[in-house]
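Visitor: Please find query20.txt (compact mmCIF, C-alpha atoms) on the next line:
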# COMPACT_ATOMS: atom_id res chain seq x y z
CA MET A 1 -18.37 1.19 58.11
CA GLY A 2 -19.82 -2.26 58.75
CA PRO A 3 -21.95 -4.29 58.34
CA LEU A 4 -20.79 -4.05 54.74
CA ALA A 5 -23.95 -5.24 52.97
CA ILE A 6 -26.35 -3.25 55.18
CA ASN A 7 -24.40 -0.06 54.57
CA GLU A 8 -24.28 -0.84 50.83
CA ILE A 9 -20.47 -0.91 50.76
CA ILE A 10 -20.75 -4.30 49.06
CA SER A 11 -23.77 -5.66 47.18
CA GLU A 12 -26.03 -8.44 48.45
CA ASN A 13 -24.59 -10.75 45.77
CA THR A 14 -21.02 -10.04 46.90
CA ASN A 15 -22.18 -10.67 50.46
CA PHE A 16 -23.52 -14.10 49.47
CA PHE A 17 -20.34 -14.85 47.55
CA LEU A 18 -18.19 -13.99 50.59
CA ALA A 19 -20.46 -16.16 52.74
CA PHE A 20 -19.94 -19.01 50.25
CA ILE A 21 -16.14 -18.67 50.42
CA ILE A 22 -16.16 -18.39 54.23
CA GLY A 23 -18.49 -21.42 54.37
CA ILE A 24 -16.04 -23.51 52.35
CA ALA A 25 -13.17 -22.41 54.62
CA PHE A 26 -15.29 -23.23 57.68
CA GLY A 27 -16.07 -26.69 56.35
CA PHE A 28 -12.41 -27.30 55.54
CA VAL A 29 -11.32 -26.31 59.07
CA LEU A 30 -14.08 -28.50 60.58
CA GLU A 31 -12.91 -31.53 58.62
CA ALA A 32 -9.24 -30.80 59.34
CA SER A 33 -10.06 -30.59 63.06
CA GLY A 34 -11.56 -34.09 62.96
CA PHE A 35 -15.21 -33.04 63.08
CA SER A 36 -16.15 -35.55 60.41
CA SER A 37 -15.76 -38.38 62.93
CA SER A 38 -18.96 -39.14 64.83
CA ARG A 39 -17.00 -40.99 67.55
CA LYS A 40 -14.84 -37.94 68.13
CA LEU A 41 -17.89 -35.70 68.30
CA ALA A 42 -19.80 -38.03 70.62
CA GLY A 43 -16.70 -38.09 72.87
CA MET A 44 -17.89 -34.70 74.14
CA PHE A 45 -20.80 -36.39 75.90
CA TYR A 46 -18.66 -39.17 77.40
CA GLY A 47 -15.68 -36.99 78.31
CA TYR A 48 -12.96 -38.82 76.38
CA ASP A 49 -12.66 -36.17 73.65
CA THR A 50 -13.68 -32.56 74.24
CA VAL A 51 -12.39 -31.00 71.04
CA VAL A 52 -15.94 -29.86 70.18
CA LEU A 53 -16.11 -27.70 73.29
CA LYS A 54 -12.62 -26.32 72.76
CA VAL A 55 -13.02 -25.48 69.07
CA PHE A 56 -16.48 -23.92 69.27
CA PHE A 57 -15.91 -22.03 72.53
CA THR A 58 -12.59 -20.68 71.19
CA GLY A 59 -14.37 -19.68 67.98
CA ALA A 60 -17.13 -17.94 69.94
CA ILE A 61 -14.86 -15.89 72.19
CA THR A 62 -12.57 -14.99 69.28
CA ALA A 63 -15.54 -13.75 67.21
CA MET A 64 -16.95 -11.93 70.25
CA LEU A 65 -13.67 -10.12 70.93
CA GLY A 66 -13.33 -9.29 67.23
CA MET A 67 -16.81 -7.76 67.08
CA LEU A 68 -16.28 -5.73 70.25
CA PHE A 69 -12.91 -4.38 69.09
CA PHE A 70 -14.36 -3.61 65.64
CA SER A 71 -17.14 -1.71 67.38
CA LEU A 72 -14.61 0.11 69.59
CA PHE A 73 -12.71 1.26 66.50
CA ASP A 74 -16.01 2.30 64.81
CA TRP A 75 -15.55 -0.32 62.08
CA ILE A 76 -18.95 -1.85 62.72
CA ASP A 77 -22.26 -0.74 64.20
CA LEU A 78 -23.34 -3.64 66.38
CA ASP A 79 -26.91 -2.30 66.48
CA LEU A 80 -27.16 -3.15 62.77
CA VAL A 81 -25.98 -6.73 63.26
CA TYR A 82 -28.89 -9.17 63.11
CA VAL A 83 -29.57 -11.03 66.34
CA ASN A 84 -31.86 -14.04 66.19
CA PRO A 85 -35.11 -13.38 68.05
CA THR A 86 -35.67 -15.63 71.06
CA TYR A 87 -38.74 -17.86 71.29
CA LEU A 88 -38.00 -19.51 74.62
CA THR A 89 -40.23 -22.60 74.38
CA SER A 90 -39.11 -23.60 70.91
CA ALA A 91 -35.46 -22.80 71.78
CA ILE A 92 -35.56 -25.23 74.73
CA THR A 93 -37.52 -27.87 72.80
CA GLY A 94 -35.24 -27.56 69.79
CA GLY A 95 -32.17 -27.72 72.03
CA VAL A 96 -33.35 -30.96 73.64
CA ILE A 97 -34.16 -32.54 70.24
CA MET A 98 -30.86 -31.34 68.79
CA GLY A 99 -28.90 -32.65 71.78
CA ALA A 100 -30.66 -36.03 71.64
CA GLY A 101 -30.00 -36.27 67.90
CA PHE A 102 -26.36 -35.33 68.46
CA ILE A 103 -25.71 -38.00 71.08
CA ILE A 104 -27.66 -40.71 69.19
CA GLY A 105 -26.35 -39.96 65.70
CA GLY A 106 -22.93 -38.58 66.62
CA TYR A 107 -23.35 -35.53 64.40
CA CYS A 108 -24.91 -32.09 64.45
CA PRO A 109 -26.34 -30.82 61.12
CA GLY A 110 -23.17 -28.96 60.07
CA THR A 111 -20.75 -31.74 60.93
CA SER A 112 -22.97 -34.34 59.21
CA PHE A 113 -22.39 -32.52 55.90
CA CYS A 114 -18.71 -32.31 56.83
CA GLY A 115 -18.65 -36.12 57.28
CA ALA A 116 -20.69 -36.68 54.10
CA SER A 117 -18.21 -34.61 52.09
CA ILE A 118 -15.52 -37.24 52.70
CA GLY A 119 -17.93 -40.11 52.08
CA LYS A 120 -18.89 -41.17 55.61
CA ILE A 121 -21.93 -43.47 55.31
CA ASP A 122 -23.19 -42.74 58.83
CA ALA A 123 -23.12 -39.02 58.01
CA LEU A 124 -25.12 -39.61 54.82
CA ILE A 125 -27.74 -41.56 56.75
CA PHE A 126 -27.82 -38.80 59.37
CA ILE A 127 -28.57 -36.28 56.58
CA VAL A 128 -31.44 -38.46 55.31
CA GLY A 129 -32.85 -38.40 58.85
CA LEU A 130 -32.29 -34.65 58.99
CA PHE A 131 -34.38 -34.11 55.85
CA ILE A 132 -37.12 -36.44 57.13
CA GLY A 133 -37.23 -34.37 60.32
CA VAL A 134 -37.33 -31.07 58.41
CA SER A 135 -40.13 -32.39 56.16
CA LEU A 136 -42.19 -33.61 59.11
CA PHE A 137 -41.70 -30.28 60.87
CA GLY A 138 -42.83 -28.36 57.79
CA ALA A 139 -45.78 -30.66 57.06
CA GLY A 140 -47.11 -30.47 60.62
CA PHE A 141 -46.27 -26.83 61.26
CA ASN A 142 -49.92 -25.88 61.87
CA TRP A 143 -50.01 -28.35 64.77
CA TRP A 144 -47.06 -26.91 66.66
CA ASN A 145 -47.26 -23.32 65.47
CA GLY A 146 -48.53 -22.21 68.90
CA MET A 147 -45.63 -23.86 70.69
CA TYR A 148 -43.16 -22.61 68.07
CA MET A 149 -44.14 -18.96 68.57
CA ALA A 150 -44.62 -19.14 72.37
CA LYS A 151 -42.67 -17.07 74.93
CA PHE A 152 -41.30 -14.49 72.50
CA LEU A 153 -38.60 -12.43 74.25
CA GLY A 154 -37.42 -10.20 71.40
CA SER A 155 -33.63 -10.15 70.89
CA PRO A 156 -32.33 -10.04 74.46
CA LYS A 157 -28.65 -10.04 75.34
CA ILE A 158 -27.28 -11.67 78.49
CA SER A 159 -25.19 -8.57 79.22
CA GLU A 160 -28.35 -6.41 79.24
CA PHE A 161 -30.19 -8.96 81.39
CA PHE A 162 -27.49 -8.72 84.08
CA GLY A 163 -26.95 -4.98 83.62
CA LEU A 164 -23.35 -5.40 82.46
CA THR A 165 -21.49 -3.72 79.64
CA ASP A 166 -20.69 -5.97 76.68
CA GLY A 167 -16.97 -5.71 77.53
CA VAL A 168 -17.35 -6.90 81.12
CA PHE A 169 -19.58 -9.75 79.97
CA ALA A 170 -16.95 -10.68 77.36
CA LEU A 171 -14.25 -10.88 80.04
CA ILE A 172 -16.48 -13.06 82.26
CA LEU A 173 -17.24 -15.37 79.31
CA ILE A 174 -13.51 -15.68 78.51
CA LEU A 175 -12.81 -16.72 82.11
CA ILE A 176 -15.71 -19.21 81.99
CA ALA A 177 -14.33 -20.63 78.72
CA LEU A 178 -10.86 -21.09 80.21
CA GLY A 179 -12.41 -22.77 83.25
CA MET A 180 -14.39 -25.09 80.96
CA PHE A 181 -11.21 -25.98 79.05
CA ARG A 182 -9.56 -26.91 82.35
CA VAL A 183 -12.52 -29.15 83.24
CA ALA A 184 -12.42 -30.65 79.73
CA GLU A 185 -8.75 -31.58 80.11
CA TRP A 186 -9.54 -33.17 83.46
CA ALA A 187 -12.39 -35.18 81.87
CA GLU A 188 -10.13 -36.43 79.07
CA LYS A 189 -7.69 -37.80 81.67
CA LYS A 190 -10.49 -39.20 83.84
CA PHE A 191 -12.36 -41.00 81.02
CA PRO A 192 -9.65 -41.95 78.50
CA ARG A 193 -10.39 -44.18 75.54
CA GLU A 194 -7.63 -45.90 73.62
CA GLU A 195 -9.10 -46.00 70.12
CA TYR A 196 -12.16 -44.37 68.69
CA MET B 1 3.35 -24.66 77.82
CA LYS B 2 -0.16 -26.03 77.24
CA PRO B 3 -2.26 -24.59 74.40
CA ARG B 4 -4.86 -23.51 76.99
CA LEU B 5 -2.27 -21.34 78.72
CA TRP B 6 -1.07 -19.89 75.41
CA LEU B 7 -4.68 -19.00 74.61
CA ALA B 8 -5.18 -17.50 78.08
CA ALA B 9 -2.01 -15.42 77.79
CA PHE B 10 -3.33 -13.92 74.55
CA ILE B 11 -7.03 -13.62 75.14
CA VAL B 12 -7.29 -12.57 78.82
CA PRO B 13 -5.40 -9.29 78.27
CA LEU B 14 -7.68 -8.54 75.31
CA GLY B 15 -10.68 -9.28 77.54
CA LEU B 16 -9.34 -6.95 80.23
CA ILE B 17 -8.88 -4.18 77.68
CA ILE B 18 -12.38 -4.56 76.22
CA ALA B 19 -13.87 -4.66 79.73
CA ALA B 20 -12.01 -1.50 80.79
CA VAL B 21 -12.70 0.74 77.80
CA PRO B 22 -16.07 2.53 77.60
CA GLN B 23 -18.59 0.97 75.26
CA ASN B 24 -18.83 2.63 71.87
CA THR B 25 -22.23 4.27 71.79
CA THR B 26 -21.77 6.50 68.76
CA HIS B 27 -24.46 5.69 66.25
CA PRO B 28 -24.78 8.82 64.12
CA TYR B 29 -27.26 7.43 61.60
CA LYS B 30 -29.75 5.91 63.99
CA LEU B 31 -32.65 7.51 65.84
CA SER B 32 -34.42 5.92 68.79
CA ALA B 33 -38.17 5.26 68.58
CA PRO B 34 -39.08 8.35 70.71
CA GLU B 35 -36.75 10.51 68.59
CA LEU B 36 -38.38 9.23 65.41
CA LEU B 37 -41.86 9.95 66.82
CA SER B 38 -40.73 13.43 67.81
CA GLU B 39 -39.40 14.05 64.29
CA VAL B 40 -42.71 12.93 62.79
CA ASN B 41 -44.82 15.01 65.19
CA THR B 42 -42.81 18.19 64.75
CA ARG B 43 -42.65 17.60 60.96
CA THR B 44 -39.00 18.75 60.97
CA GLN B 45 -38.12 16.11 58.39
CA PHE B 46 -41.31 16.50 56.34
CA ILE B 47 -40.95 17.32 52.66
CA THR B 48 -43.99 17.74 50.44
CA PRO B 49 -44.36 15.47 47.38
CA GLU B 50 -44.10 18.56 45.17
CA THR B 51 -40.71 19.40 46.66
CA VAL B 52 -39.52 15.84 46.20
CA ALA B 53 -40.73 15.83 42.57
CA ASP B 54 -38.92 19.13 41.98
CA MET B 55 -35.71 17.71 43.49
CA ILE B 56 -35.96 14.60 41.31
CA VAL B 57 -36.53 16.62 38.14
CA LYS B 58 -33.58 18.87 38.95
CA LYS B 59 -31.48 15.82 39.95
CA ASP B 60 -30.70 17.42 43.30
CA PRO B 61 -27.71 15.48 44.72
CA VAL B 62 -28.98 16.14 48.28
CA LEU B 63 -31.87 13.75 47.67
CA LEU B 64 -31.17 10.04 48.07
CA LEU B 65 -34.11 7.78 47.33
CA MET B 66 -33.89 4.42 48.98
CA SER B 67 -35.03 0.92 48.09
CA GLU B 68 -37.29 0.12 45.13
CA ALA B 69 -37.97 3.72 44.21
CA ARG B 70 -34.29 4.27 43.58
CA MET B 71 -34.04 1.06 41.57
CA ASN B 72 -36.98 2.14 39.39
CA LEU B 73 -35.44 5.52 38.81
CA ARG B 74 -32.16 3.88 37.83
CA ASN B 75 -33.92 1.51 35.46
CA SER B 76 -35.93 4.22 33.80
CA ALA B 77 -32.91 6.55 33.45
Translate this file's structure into structure tokens.
Guide:
Amino acid sequence: MGPLAINEIISENTNFFLAFIIGIAFGFVLEASGFSSSRKLAGMFYGYDTVVLKVFFTGAITAMLGMLFFSLFDWIDLDLVYVNPTYLTSAITGGVIMGAGFIIGGYCPGTSFCGASIGKIDALIFIVGLFIGVSLFGAGFNWWNGMYMAKFLGSPKISEFFGLTDGVFALILILIALGMFRVAEWAEKKFPREEY
Amino acid sequence: MKPRLWLAAFIVPLGLIIAAVPQNTTHPYKLSAPELLSEVNTRTQFITPETVADMIVKKDPVLLLMSEARMNLRNSA
């Protein structure tokens, strides 16, 4: 059956419309969860607030289980689901830059728009910086094209790398997530902050 | 009961189920690269342009043209 657009069950335009609706719902849930506060987000790095870890890890394992059960029931062909190709060098470089930007600015790109939507000035300034960064990246692309395309690994999956089935890997990831949540709760007690 | 334990009580059993069941490997509409090469080499799926033209003219429902060609046919119809 799925993916719906690939199998022409719904049109590309309907697909974009559904993405638009889901995007609005996602933004609403982000804001309602407190992700428009840069102090709350930065708390992940200092240990006093780990809601970022909890929300995103819960989202990831929920989506993962959903996809695997959909595949089990033949509702979706996971081979037709697009997986981002891995360019190892640029993934690591981008991760470091993204992490540095997150801890300095208190936002990631998505949450900065979430903050801007309720009028947060720091989020608006973060978005200005985001566009400056994107423009510089585009303007100088010829300079770092080699680095950007280096160490191409295709679309590898961790389960295939370790020779596990997707289901066994899912179970291991769930246990890791629960362990991380336990550590996060410990960190919140260890590094409490009264007001932020 | 902490939310983490509620989550664990719900999600760990689901994880155990998905780990225990065999992976779904039924992909009826997809050929592997060697299978595709074999199909091309043995010409089992080969249809001459004349046959295709004949099927189009006769509006044979067996034939399904994909992508732009189908769009053009639709537009010209």
Visitor: One number please: atom CA of A:Glu8 to atom CA of A:Leu80, in Å, one decimal.
Guide: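 Atom CA of A:Leu80 lies 12.5 Å from atom CA of A:Glu8.
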Visitor: Specify as a PyMOL selection string all residues of chain B found within 8 Å of chain A, counting all atoms listed in the file.
Guide: chain B and resi 4+8+11-12+14-16+18-21+23-24+27
Visitor: Which residues are near A:Phe45? Cut-off 12 Å, all atoms listed in the file, ignore same chain within fewer than 2 positions. Put them as a ChimeraX atom specification.
Guide: /A:38-43,47-53,99-100,102-104,106-107,184,187-188,191
Visitor: Take the residues from that selection and put them in a file with C-alpha atoms, as an mmCIF file, keeping the file's coordinate frame.
Guide:
data_model
loop_
_atom_site.group_PDB
_atom_site.id
_atom_site.type_symbol
_atom_site.label_atom_id
_atom_site.label_comp_id
_atom_site.auth_asym_id
_atom_site.auth_seq_id
_atom_site.Cartn_x
_atom_site.Cartn_y
_atom_site.Cartn_z
ATOM 1 C CA SER A 38 -18.960 -39.140 64.830
ATOM 2 C CA ARG A 39 -17.000 -40.990 67.550
ATOM 3 C CA LYS A 40 -14.840 -37.940 68.130
ATOM 4 C CA LEU A 41 -17.890 -35.700 68.300
ATOM 5 C CA ALA A 42 -19.800 -38.030 70.620
ATOM 6 C CA GLY A 43 -16.700 -38.090 72.870
ATOM 7 C CA GLY A 47 -15.680 -36.990 78.310
ATOM 8 C CA TYR A 48 -12.960 -38.820 76.380
ATOM 9 C CA ASP A 49 -12.660 -36.170 73.650
ATOM 10 C CA THR A 50 -13.680 -32.560 74.240
ATOM 11 C CA VAL A 51 -12.390 -31.000 71.040
ATOM 12 C CA VAL A 52 -15.940 -29.860 70.180
ATOM 13 C CA LEU A 53 -16.110 -27.700 73.290
ATOM 14 C CA GLY A 99 -28.900 -32.650 71.780
ATOM 15 C CA ALA A 100 -30.660 -36.030 71.640
ATOM 16 C CA PHE A 102 -26.360 -35.330 68.460
ATOM 17 C CA ILE A 103 -25.710 -38.000 71.080
ATOM 18 C CA ILE A 104 -27.660 -40.710 69.190
ATOM 19 C CA GLY A 106 -22.930 -38.580 66.620
ATOM 20 C CA TYR A 107 -23.350 -35.530 64.400
ATOM 21 C CA ALA A 184 -12.420 -30.650 79.730
ATOM 22 C CA ALA A 187 -12.390 -35.180 81.870
ATOM 23 C CA GLU A 188 -10.130 -36.430 79.070
ATOM 24 C CA PHE A 191 -12.360 -41.000 81.020
#
Visitor: I'd like the interatomic distance between atom CA of A:Ile22 and atom CA of A:Phe113, to a tenth of an Å.
Guide: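 Taking atom CA of A:Ile22 and atom CA of A:Phe113, their separation equals 15.5 Å.
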Visitor: Quote the spacing between atom CA of A:Tyr82 and atom CA of A:Gly154 in Å to one decimal place.
Guide: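 Those two atoms sit 11.9 Å apart.
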Visitor: Could you check which of A:Ile24, A:Ile9, A:Ile158, A:Met149 is closest to A:Ala91, using all atoms listed in the file?
Guide: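 For A:Ala91, the nearest of the given residues is A:Met149.
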Visitor: Using all atoms listed in the file, which residue out of A:Met67, A:Val81, A:Val96, A:Ala116 lies closest to A:Asn7?
Guide: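 Residue with the minimum atom-to-atom distance to A:Asn7: A:Val81.
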Visitor: Using the partial input, fill out stretch 103-132 of chain A with N, CA and C atoms; write the result as a compact mmCIF listing (two decimals), in the frame of the given file.
Guide:
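What follows is the written file selection14.txt:
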# COMPACT_ATOMS: atom_id res chain seq x y z
N ILE A 103 -26.31 -36.90 70.33
CA ILE A 103 -25.71 -38.00 71.08
C ILE A 103 -26.08 -39.37 70.47
N ILE A 104 -27.26 -39.44 69.82
CA ILE A 104 -27.66 -40.71 69.19
C ILE A 104 -26.90 -40.90 67.86
N GLY A 105 -26.93 -39.84 67.04
CA GLY A 105 -26.35 -39.96 65.70
C GLY A 105 -24.86 -39.65 65.64
N GLY A 106 -24.35 -38.92 66.62
CA GLY A 106 -22.93 -38.58 66.62
C GLY A 106 -22.59 -37.37 65.76
N TYR A 107 -23.60 -36.72 65.22
CA TYR A 107 -23.35 -35.53 64.40
C TYR A 107 -24.33 -34.42 64.78
N CYS A 108 -23.93 -33.18 64.50
CA CYS A 108 -24.91 -32.09 64.45
C CYS A 108 -25.11 -31.81 62.95
N PRO A 109 -26.10 -31.00 62.57
CA PRO A 109 -26.34 -30.82 61.12
C PRO A 109 -25.10 -30.41 60.32
N GLY A 110 -24.35 -29.44 60.82
CA GLY A 110 -23.17 -28.96 60.07
C GLY A 110 -22.11 -30.03 59.91
N THR A 111 -21.81 -30.73 61.00
CA THR A 111 -20.75 -31.74 60.93
C THR A 111 -21.19 -32.97 60.12
N SER A 112 -22.52 -33.21 60.03
CA SER A 112 -22.97 -34.34 59.21
C SER A 112 -22.62 -34.09 57.74
N PHE A 113 -22.78 -32.84 57.28
CA PHE A 113 -22.39 -32.52 55.90
C PHE A 113 -20.87 -32.59 55.75
N CYS A 114 -20.18 -32.22 56.83
CA CYS A 114 -18.71 -32.31 56.83
C CYS A 114 -18.29 -33.78 56.65
N GLY A 115 -18.95 -34.69 57.39
CA GLY A 115 -18.65 -36.12 57.28
C GLY A 115 -19.04 -36.66 55.91
N ALA A 116 -20.22 -36.20 55.41
CA ALA A 116 -20.69 -36.68 54.10
C ALA A 116 -19.74 -36.26 52.98
N SER A 117 -19.09 -35.11 53.15
CA SER A 117 -18.21 -34.61 52.09
C SER A 117 -17.00 -35.51 51.89
N ILE A 118 -16.63 -36.30 52.91
CA ILE A 118 -15.52 -37.24 52.70
C ILE A 118 -16.05 -38.69 52.61
N GLY A 119 -17.37 -38.80 52.39
CA GLY A 119 -17.93 -40.11 52.08
C GLY A 119 -18.31 -40.97 53.28
N LYS A 120 -18.49 -40.39 54.44
CA LYS A 120 -18.89 -41.17 55.61
C LYS A 120 -20.35 -41.62 55.45
N ILE A 121 -20.57 -42.94 55.51
CA ILE A 121 -21.93 -43.47 55.31
C ILE A 121 -22.85 -43.07 56.46
N ASP A 122 -22.33 -43.12 57.70
CA ASP A 122 -23.19 -42.74 58.83
C ASP A 122 -23.64 -41.28 58.72
N ALA A 123 -22.75 -40.43 58.19
CA ALA A 123 -23.12 -39.02 58.01
C ALA A 123 -24.21 -38.87 56.95
N LEU A 124 -24.10 -39.66 55.87
CA LEU A 124 -25.12 -39.61 54.82
C LEU A 124 -26.48 -40.03 55.37
N ILE A 125 -26.48 -41.10 56.17
CA ILE A 125 -27.74 -41.56 56.75
C ILE A 125 -28.29 -40.52 57.73
N PHE A 126 -27.40 -39.88 58.46
CA PHE A 126 -27.82 -38.80 59.37
C PHE A 126 -28.52 -37.68 58.58
N ILE A 127 -27.97 -37.36 57.40
CA ILE A 127 -28.57 -36.28 56.58
C ILE A 127 -29.95 -36.70 56.08
N VAL A 128 -30.10 -37.97 55.72
CA VAL A 128 -31.44 -38.46 55.31
C VAL A 128 -32.42 -38.24 56.46
N GLY A 129 -32.01 -38.61 57.68
CA GLY A 129 -32.85 -38.40 58.85
C GLY A 129 -33.14 -36.93 59.08
N LEU A 130 -32.14 -36.11 58.83
CA LEU A 130 -32.29 -34.65 58.99
C LEU A 130 -33.40 -34.13 58.06
N PHE A 131 -33.38 -34.58 56.80
CA PHE A 131 -34.38 -34.11 55.85
C PHE A 131 -35.77 -34.66 56.18
N ILE A 132 -35.81 -35.89 56.69
CA ILE A 132 -37.12 -36.44 57.13
C ILE A 132 -37.67 -35.56 58.26
